[in-house]
Protein chains: 2
Amino acid sequence: MAKRNAFYAQSGGVTAVINATACGVIETARRHRGQIGRLYAGRNGILGALDEDLIDTGLETPGAIAALRHTPGGAFGSARHKLKGLKENRAEYERLIQVFRAHDIGYFFYNGGGDSADTCLKVSQLGAALGYPIAAIHVPKTVDNDLPVTDTCPGFGSVAKYVAVSTREAALDVRSMSRTSTKVFILEVMGRHAGWIAAAGGLAGSKAGDPPHIILFPEIPFDRDAFLDRVAATVRRHDYCVIVVSEGARYPDGRFLADAGTTDAFGHKQLGGVATVIAAMVRDNLKLKYHYAIADYLQRSARHIASRVDVEQAYAVGRAAVELALKGENSVMPTIVRRSDSPYRWSIGKVALSQVANREKMMPRSYITKDGFGITPAARRYLSPLIQGEDYPPYRQGLPVVATLKLKAVRKKLPPRS
Amino acid sequence: MAKRNAFYAQSGGVTAVINATACGVIETARRHRGQIGRLYAGRNGILGALDEDLIDTGLETPGAIAALRHTPGGAFGSARHKLKGLKENRAEYERLIQVFRAHDIGYFFYNGGGDSADTCLKVSQLGAALGYPIAAIHVPKTVDNDLPVTDTCPGFGSVAKYVAVSTREAALDVRSMSRTSTKVFILEVMGRHAGWIAAAGGLAGSKAGDPPHIILFPEIPFDRDAFLDRVAATVRRHDYCVIVVSEGARYPDGRFLADAGTTDAFGHKQLGGVATVIAAMVRDNLKLKYHYAIADYLQRSARHIASRVDVEQAYAVGRAAVELALKGENSVMPTIVRRSDSPYRWSIGKVALSQVANREKMMPRSYITKDGFGITPAARRYLSPLIQGEDYPPYRQGLPVVATLKLKAVRKKLPPRS
């Protein structure tokens with residue numbers, strides 16, 4: 001096999017461990033210098049390819065690359081840029097192939113969620129059609145945990161751990177003071193389409209009555225009366241109530257709670273997320289003192305409390321992507337395969353991208369209790385292994401050390417894209 | 001000195017390390033069984049004394065007490081219950097003395113902020129006046145860092161570390177994606193009266209241009225135009241802007257930004273905190289995509305990322321409180337004395353409660369840059385030592401282990417309070 005260059009890009013929402021995957025890709029490519037020449041990273045993801053803005057990772061020191069393993073965010077820049085279908089958008093795909101050709105790129109590693117899996121597949125198909133064969137490997141990443149086939153998605157385990165740990169900690173705070181202060185605490189978490197992250201909050205408790213007392217999932221149509229009854233009953237019994245709510249919680253008609261149509265004094269749509277809507281409901285109907293936290297980006301960048309399992313899997317899929325490419329695979333994605341729940345054992349598998357693109361993995365109904373407010377033992381069996389272990393970054397002056405990269409681009413060979 | 005019993009209570013907002021102080025009090029008392037008989041803890045703080053609901057800490061195992069060191073929240077329950085002046089409220093103070101007398105309590109350890117220092121002083125004074133001498137020692141605790149004399153307050157260093165770490169992590173996330181996604185990220189933190197916690201966010205950056213790009217302090221009257229100009233200039237230069245805002249940020253006329261008077265469609269006062277007000281301003285004036293996080297209780301319960309210095313100081317003031325009492329001290333508070341900034345050295349001192357009660361330590365203006373949006377080198381010299389070191393709790397099944405206490409009360413000897 002002739003030696004060819006490689007291109008790596010980060011796509012979509014970043015995570016606490018997407019750079020651990022980058023680390024796996026780069027370190028593995030460096031161990032195969034006989035087959036892979038230069039490894040370029042796209043500045044701001046796929047836009048780096050379209051703009052021919054190719055960061056030469058070869059200029060980065062081994063220490064800087066190793067530090068990617070404990071650096072949150074997307075070190076090369078990521079982008080929300082979905083390439084449309086080949087018919088609507090053939091020019092953009094052709095530009096990609098043109099850039100790849102100009103830089104002799106024979107390997108394309110695309111690190112993202114469902115959209116990028118689809119792009120990856122199309123690049124491979126178009127490359128073949130245009131007589132420019134390219135090994136396109138999708139590398140899984142998404143806090144949403146919604147990629148099919150793979151048992152889990154790197155990025156999810158660390159958000160899950162953050163949410164479970166934060167829920168446990170905040171619940172202890174609220175419980176201490178409920179007699180004279182806050183009775184109801186609401187933690188808003190991510191997950192617009194599926195309740196995987198909210199479900200992870202359920203791990204904070206280990207026996208009946210433990211917080212969180214209520215989880216609101218996108219999968220369960222929101223029943224206002226049942227919810228308020230449950231809050232009131234919980235406060236009567238425990239004197240406090242901890243609620244984890246998914247940003248994707250919806251009314252039976254499909255509207256998001258967060259899009260409640262409320263407006264402020266200036267007629268603006270109210271900005272608050274779902275936590276403020278829930279808080280208002282508790283206040284107006286139950287007259288209970290509440291507090292709420294909105295974790296937002298903190299949850300997906302919290303590398304300081306990343307799951308060790310997640311970090312290891314993130315690195316492993318990066319390494320596997322390169323190894324698959326070197327074995328001549330194309331249009332595939334490495335997957336996490338669960339071998340057993342307890343003790344937790346996993347290995348790396350692979351799946352054809354045609355099986356991944358445009359398919360979402362929803363949370364099974366069997367993971368949610370009948371009443372719709374909690375998680376079942378089956379959910380615990382699935383989720384618990386994913387938050388095991390800590391993988392602390394090094395600290396300097398009390399703060400986590402992060403990678404410092406040169407991020408220098410190679411000289412362009414093409415005119416700017418039109 | 002005759003052997004007498006002791007009473008310990010937690011007061012006001014709890015912290016990630018108030019139980020480390022409880023651990024220091026209890027373990028030290030146990031080493032002096034010749035002088036201190038039983039050590040009772042008030043269930044729900046001072047209410048436990050008023051209700052004669054006295055938890056017998058002697059029933060807790062050494063392991064459970066040791067685990068307090070890494071358990072957030074207030075393990076015995078805390079209360080927001082300010083005892084008023086002796087004149088208005090003599091009956092409540094007399095009830096305290098009555099309960100102390102019934103249980104032969106000769107030592108009163110009150111673990112809280114400014115209000116509890118005042119209560120502590122009054123209990124000591126009234127005890128003496130009623131012929132029931134009691135050694136009343138105040139043990140400092142507050143995330144607000146506003147107690148006078150002591151260099152810092154246990155609880156603050158850990159919130160500071162949480163805010164600094166979270167700001168650094170979230171900034172990496174936002175920076176990765178600014179080209180196609182969020183340009184402005186807002187983190188709302190605690191501190192209604194002083195900007196200590198917001199200032200800690202400034203530690204996330206180490207050189208000019210590093211995030212956070214803007215800090216909004218309660219000490220600096222909010223200037224909307226200057227703020228918006230700074231956001232726009234930051235985005236022009238860096239393509240993104242990270243803002244840390246104190247919940248206590250105010251307009252020049254003293255109104256909180258969070259009390260902006262906006263109401264939702266139902267005429268309710270808008271629930272969102274200051275983050276939503278800032279977000280709306282950015283949206284309406286600059287048309288930039290924003291996200292915001294509200295850390296709320298997560299910041300003060302985040303024992304998983306506590307500052308080691310803070311944990312050590314929290315334990316040390318608990319130990320010192322008992323040792324001061326045993327030396328015959330009364331109406332005093334142990335303090336943290338800074339010996340040097342770099343290397344950071346500290347020791348334990350003491351101060352008379354008359355010097356503490358009803359005095360707040362504000363942040364010096366010299367800690368805030370001239371433009372009002374950042375922290376100075378003097379602020380860094382003060383703050384940086386307080387976030388040094390990590391003190392990780394043990395984990396089981398991926399979650400932090402917390403103390404499990406029996407919390408059994410002793411038999412009551414008095415009729416209920418009227």
# chains A, B, ... in the order shown; residues from 1 in each chain; ligands from 1
$ residues_around --residues "Tyr93 (chain B)" --least-positions-apart "4" --cutoff "12 Å" --atoms "only C-alpha atoms" --output "ChimeraX atom specification"
/B:46-47,49-50,82-89,97-100,119-127,129-130,417
$ closest_atom_pairs --of "chain B" --to "chain A" --cutoff "6 Å" --atoms "only C-alpha atoms" --output "JSON lines"
{"residue": "B:Gly73", "atom": "CA", "partner": "A:Asp173", "partner_atom": "CA", "distance": 4.1}
{"residue": "B:Gly74", "atom": "CA", "partner": "A:Ser176", "partner_atom": "CA", "distance": 5.1}
{"residue": "B:Gly77", "atom": "CA", "partner": "A:Ser176", "partner_atom": "CA", "distance": 4.2}
{"residue": "B:Ser78", "atom": "CA", "partner": "A:Met177", "partner_atom": "CA", "distance": 5.2}
{"residue": "B:Ala79", "atom": "CA", "partner": "A:Thr180", "partner_atom": "CA", "distance": 5.7}
{"residue": "B:Arg80", "atom": "CA", "partner": "A:Thr180", "partner_atom": "CA", "distance": 5.7}
{"residue": "B:Glu169", "atom": "CA", "partner": "A:Ser301", "partner_atom": "CA", "distance": 5.5}
{"residue": "B:Ala170", "atom": "CA", "partner": "A:Leu298", "partner_atom": "CA", "distance": 5.6}
{"residue": "B:Leu172", "atom": "CA", "partner": "A:Gly73", "partner_atom": "CA", "distance": 5.0}
{"residue": "B:Asp173", "atom": "CA", "partner": "A:Gly73", "partner_atom": "CA", "distance": 4.1}
{"residue": "B:Ser176", "atom": "CA", "partner": "A:Gly77", "partner_atom": "CA", "distance": 4.2}
{"residue": "B:Met177", "atom": "CA", "partner": "A:Ser78", "partner_atom": "CA", "distance": 5.3}
{"residue": "B:Thr180", "atom": "CA", "partner": "A:Ala79", "partner_atom": "CA", "distance": 5.7}
{"residue": "B:Thr262", "atom": "CA", "partner": "A:Ala265", "partner_atom": "CA", "distance": 4.9}
{"residue": "B:Thr263", "atom": "CA", "partner": "A:Asp264", "partner_atom": "CA", "distance": 5.0}
{"residue": "B:Asp264", "atom": "CA", "partner": "A:Asp264", "partner_atom": "CA", "distance": 4.3}
{"residue": "B:Ala265", "atom": "CA", "partner": "A:Thr262", "partner_atom": "CA", "distance": 4.9}
{"residue": "B:Ala293", "atom": "CA", "partner": "A:Asp296", "partner_atom": "CA", "distance": 5.1}
{"residue": "B:Ile294", "atom": "CA", "partner": "A:Ile294", "partner_atom": "CA", "distance": 4.8}
{"residue": "B:Ala295", "atom": "CA", "partner": "A:Ala293", "partner_atom": "CA", "distance": 5.4}
{"residue": "B:Asp296", "atom": "CA", "partner": "A:Ala293", "partner_atom": "CA", "distance": 5.1}
{"residue": "B:Tyr297", "atom": "CA", "partner": "A:Ala170", "partner_atom": "CA", "distance": 5.9}
{"residue": "B:Leu298", "atom": "CA", "partner": "A:Ala170", "partner_atom": "CA", "distance": 5.6}
{"residue": "B:Ser301", "atom": "CA", "partner": "A:Glu169", "partner_atom": "CA", "distance": 5.5}
{"residue": "B:Ile387", "atom": "CA", "partner": "A:Gly398", "partner_atom": "CA", "distance": 5.3}
{"residue": "B:Gln388", "atom": "CA", "partner": "A:Gly398", "partner_atom": "CA", "distance": 4.2}
{"residue": "B:Gly389", "atom": "CA", "partner": "A:Gly398", "partner_atom": "CA", "distance": 5.5}
{"residue": "B:Gln397", "atom": "CA", "partner": "A:Gln388", "partner_atom": "CA", "distance": 6.0}
{"residue": "B:Gly398", "atom": "CA", "partner": "A:Gln388", "partner_atom": "CA", "distance": 4.2}
$ select_by_dssp --residues "region 227-362 of chain B" --states "helix (DSSP H, G or I)" --output "VMD selection string"
chain B and resid 227 to 238 257 to 259 274 to 286 297 to 301 303 to 305 308 to 326 353 to 355
$ atom_distance --atom1 "CA of Lys408 (chain A)" --atom2 "CA of Val25 (chain A)"
18.2 Å
$ residues_around --residues "His193 (chain A)" --least-positions-apart "5" --cutoff "9 Å" --atoms "only C-alpha atoms" --output "ChimeraX atom specification"
/A:144,146,218-219,247-249,362
$ write_last_selection --atoms "N, CA and C atoms" --output "PDB file, in the first residue's frame"
ATOM      1  N   ASP A 144     -25.044  12.730  23.344  1.00  0.00           N
ATOM      2  CA  ASP A 144     -26.450  12.322  23.262  1.00  0.00           C
ATOM      3  C   ASP A 144     -26.630  10.809  23.294  1.00  0.00           C
ATOM      4  N   ASP A 146     -26.776   8.632  21.040  1.00  0.00           N
ATOM      5  CA  ASP A 146     -27.852   8.177  20.165  1.00  0.00           C
ATOM      6  C   ASP A 146     -27.382   7.501  18.881  1.00  0.00           C
ATOM      7  N   PRO A 218     -37.659  13.211  27.944  1.00  0.00           N
ATOM      8  CA  PRO A 218     -38.342  13.574  26.692  1.00  0.00           C
ATOM      9  C   PRO A 218     -39.271  12.454  26.215  1.00  0.00           C
ATOM     10  N   GLU A 219     -38.950  11.233  26.619  1.00  0.00           N
ATOM     11  CA  GLU A 219     -39.716  10.067  26.148  1.00  0.00           C
ATOM     12  C   GLU A 219     -41.109   9.979  26.770  1.00  0.00           C
ATOM     13  N   GLU A 247     -33.673  18.862  28.977  1.00  0.00           N
ATOM     14  CA  GLU A 247     -34.076  20.034  28.190  1.00  0.00           C
ATOM     15  C   GLU A 247     -35.120  19.645  27.139  1.00  0.00           C
ATOM     16  N   GLY A 248     -35.203  18.360  26.864  1.00  0.00           N
ATOM     17  CA  GLY A 248     -36.138  17.904  25.834  1.00  0.00           C
ATOM     18  C   GLY A 248     -37.492  17.480  26.368  1.00  0.00           C
ATOM     19  N   ALA A 249     -37.762  17.733  27.640  1.00  0.00           N
ATOM     20  CA  ALA A 249     -39.074  17.356  28.198  1.00  0.00           C
ATOM     21  C   ALA A 249     -40.191  18.033  27.396  1.00  0.00           C
ATOM     22  N   MET A 362     -32.839   5.312  20.377  1.00  0.00           N
ATOM     23  CA  MET A 362     -33.631   5.905  21.453  1.00  0.00           C
ATOM     24  C   MET A 362     -33.450   5.085  22.730  1.00  0.00           C
TER      25      MET A 362
END
$ closest_residue --among "B:Phe373, B:Tyr315, B:Tyr107, B:Phe256" --to "Ala226 (chain B)" --atoms "only C-alpha atoms"
B:Phe373
$ select_by_dssp --residues "region 111-230 of chain B" --states "strand (DSSP E or B)" --output "ChimeraX atom specification"
/B:111-112,135-140,184-189,214-216
$ residues_around --residues "Pro377 (chain B)" --least-positions-apart "6" --cutoff "12 Å" --atoms "only C-alpha atoms" --output "number ranges by chain"
B: 199, 202-203, 206-208, 366-369, 383-384
$ atom_distance --atom1 "CA of Arg224 (chain A)" --atom2 "CA of Arg255 (chain A)"
13.5 Å
$ residues_around --residues "Leu68 (chain A)" --least-positions-apart "2" --cutoff "9 Å" --atoms "only C-alpha atoms" --output "list in words"
Val17, Ile18, Asn19, Ala20, Thr21, Ala22, Cys23, Gly63, Ala64, Ile65, Ala66, His70, Thr71, Pro72, Ala75, Val402, Ala403 and Thr404 of chain A
$ closest_residue --among "B:Asp151, B:Asp210, B:Asp253, B:Asp229" --to "Pro334 (chain B)" --atoms "only C-alpha atoms"
B:Asp151
$ atom_distance --atom1 "CA of Val235 (chain A)" --atom2 "CA of Asp371 (chain A)"
17.7 Å
$ residues_around --residues "Gly318 (chain B)" --least-positions-apart "6" --cutoff "12 Å" --atoms "only C-alpha atoms" --output "PyMOL selection string"
chain B and resi 8-10+17-29+69+109-112+137-141+154+311-312+324-325+333-336+348
$ closest_residue --among "A:Val143, A:Ile375, A:Leu257, A:Ala306" --to "Gly191 (chain A)" --atoms "only C-alpha atoms"
A:Val143
$ decode --residues "region 317-359 of chain A" --atoms "N, CA and C atoms" --output "tab-separated table (two decimals), in the first residue's frame"
chain	number	residue	atom	x	y	z
A	317	VAL	N	-11.44	4.16	20.37
A	317	VAL	CA	-12.09	4.28	19.04
A	317	VAL	C	-11.20	5.08	18.08
A	318	GLY	N	-10.44	6.02	18.63
A	318	GLY	CA	-9.50	6.76	17.79
A	318	GLY	C	-8.41	5.84	17.25
A	319	ARG	N	-7.85	5.06	18.14
A	319	ARG	CA	-6.81	4.11	17.72
A	319	ARG	C	-7.38	3.11	16.72
A	320	ALA	N	-8.57	2.59	17.04
A	320	ALA	CA	-9.18	1.57	16.17
A	320	ALA	C	-9.48	2.13	14.78
A	321	ALA	N	-9.86	3.40	14.72
A	321	ALA	CA	-10.17	4.00	13.42
A	321	ALA	C	-8.96	3.92	12.49
A	322	VAL	N	-7.80	4.26	13.04
A	322	VAL	CA	-6.58	4.22	12.22
A	322	VAL	C	-6.25	2.77	11.84
A	323	GLU	N	-6.37	1.89	12.81
A	323	GLU	CA	-6.05	0.49	12.53
A	323	GLU	C	-6.99	-0.11	11.49
A	324	LEU	N	-8.26	0.25	11.55
A	324	LEU	CA	-9.22	-0.23	10.55
A	324	LEU	C	-8.82	0.27	9.16
A	325	ALA	N	-8.47	1.55	9.10
A	325	ALA	CA	-8.09	2.13	7.80
A	325	ALA	C	-6.87	1.41	7.25
A	326	LEU	N	-5.93	1.11	8.12
A	326	LEU	CA	-4.70	0.46	7.65
A	326	LEU	C	-4.94	-0.99	7.23
A	327	LYS	N	-6.03	-1.54	7.73
A	327	LYS	CA	-6.40	-2.90	7.30
A	327	LYS	C	-7.20	-2.87	6.00
A	328	GLY	N	-7.39	-1.67	5.46
A	328	GLY	CA	-8.09	-1.56	4.19
A	328	GLY	C	-9.60	-1.40	4.32
A	329	GLU	N	-10.07	-1.17	5.54
A	329	GLU	CA	-11.51	-0.98	5.71
A	329	GLU	C	-11.91	0.40	5.19
A	330	ASN	N	-13.16	0.50	4.81
A	330	ASN	CA	-13.69	1.77	4.30
A	330	ASN	C	-15.17	1.86	4.68
A	331	SER	N	-15.64	3.10	4.90
A	331	SER	CA	-17.06	3.31	5.24
A	331	SER	C	-17.48	2.48	6.44
A	332	VAL	N	-16.66	2.49	7.45
A	332	VAL	CA	-17.02	1.79	8.68
A	332	VAL	C	-16.83	2.73	9.88
A	333	MET	N	-17.35	2.29	11.01
A	333	MET	CA	-17.16	3.01	12.26
A	333	MET	C	-16.77	1.98	13.32
A	334	PRO	N	-15.72	2.26	14.09
A	334	PRO	CA	-15.46	1.38	15.23
A	334	PRO	C	-16.58	1.54	16.26
A	335	THR	N	-16.91	0.46	16.93
A	335	THR	CA	-17.99	0.50	17.93
A	335	THR	C	-17.47	-0.02	19.26
A	336	ILE	N	-18.24	0.32	20.31
A	336	ILE	CA	-17.99	-0.27	21.62
A	336	ILE	C	-18.93	-1.47	21.74
A	337	VAL	N	-18.36	-2.62	22.02
A	337	VAL	CA	-19.17	-3.83	22.18
A	337	VAL	C	-19.15	-4.23	23.65
A	338	ARG	N	-20.32	-4.37	24.24
A	338	ARG	CA	-20.36	-4.77	25.65
A	338	ARG	C	-20.30	-6.29	25.75
A	339	ARG	N	-19.32	-6.77	26.50
A	339	ARG	CA	-19.16	-8.21	26.69
A	339	ARG	C	-19.89	-8.68	27.94
A	340	SER	N	-19.86	-7.87	28.98
A	340	SER	CA	-20.66	-8.21	30.17
A	340	SER	C	-20.89	-6.96	31.00
A	341	ASP	N	-21.98	-7.00	31.79
A	341	ASP	CA	-22.35	-5.85	32.61
A	341	ASP	C	-21.52	-5.79	33.88
A	342	SER	N	-21.36	-6.97	34.52
A	342	SER	CA	-20.76	-6.97	35.85
A	342	SER	C	-20.00	-8.26	36.08
A	343	PRO	N	-18.68	-8.26	36.05
A	343	PRO	CA	-17.85	-7.08	35.84
A	343	PRO	C	-18.01	-6.57	34.42
A	344	TYR	N	-17.85	-5.27	34.29
A	344	TYR	CA	-18.03	-4.66	32.98
A	344	TYR	C	-16.85	-5.03	32.08
A	345	ARG	N	-17.17	-5.59	30.92
A	345	ARG	CA	-16.13	-5.90	29.93
A	345	ARG	C	-16.58	-5.40	28.58
A	346	TRP	N	-15.66	-4.81	27.86
A	346	TRP	CA	-15.99	-4.30	26.53
A	346	TRP	C	-14.83	-4.53	25.58
A	347	SER	N	-15.16	-4.50	24.30
A	347	SER	CA	-14.10	-4.57	23.29
A	347	SER	C	-14.52	-3.67	22.14
A	348	ILE	N	-13.65	-3.59	21.14
A	348	ILE	CA	-13.94	-2.73	19.99
A	348	ILE	C	-14.42	-3.59	18.83
A	349	GLY	N	-15.53	-3.20	18.24
A	349	GLY	CA	-16.03	-3.87	17.05
A	349	GLY	C	-16.08	-2.89	15.89
A	350	LYS	N	-16.83	-3.22	14.88
A	350	LYS	CA	-16.99	-2.27	13.78
A	350	LYS	C	-18.34	-2.49	13.12
A	351	VAL	N	-18.78	-1.45	12.42
A	351	VAL	CA	-20.06	-1.54	11.73
A	351	VAL	C	-19.95	-0.73	10.44
A	352	ALA	N	-20.66	-1.19	9.43
A	352	ALA	CA	-20.70	-0.46	8.16
A	352	ALA	C	-21.48	0.85	8.35
A	353	LEU	N	-20.98	1.92	7.74
A	353	LEU	CA	-21.65	3.22	7.92
A	353	LEU	C	-23.07	3.22	7.39
A	354	SER	N	-23.35	2.36	6.43
A	354	SER	CA	-24.73	2.29	5.92
A	354	SER	C	-25.69	1.86	7.03
A	355	GLN	N	-25.16	1.19	8.05
A	355	GLN	CA	-25.99	0.77	9.18
A	355	GLN	C	-26.12	1.86	10.25
A	356	VAL	N	-25.32	2.93	10.11
A	356	VAL	CA	-25.26	3.96	11.15
A	356	VAL	C	-25.97	5.24	10.72
A	357	ALA	N	-25.71	5.63	9.47
A	357	ALA	CA	-26.18	6.93	9.00
A	357	ALA	C	-27.70	7.01	9.10
A	358	ASN	N	-28.17	8.15	9.60
A	358	ASN	CA	-29.60	8.44	9.68
A	358	ASN	C	-30.41	7.46	10.52
A	359	ARG	N	-29.77	6.87	11.51
A	359	ARG	CA	-30.52	6.05	12.46
A	359	ARG	C	-30.18	6.54	13.86
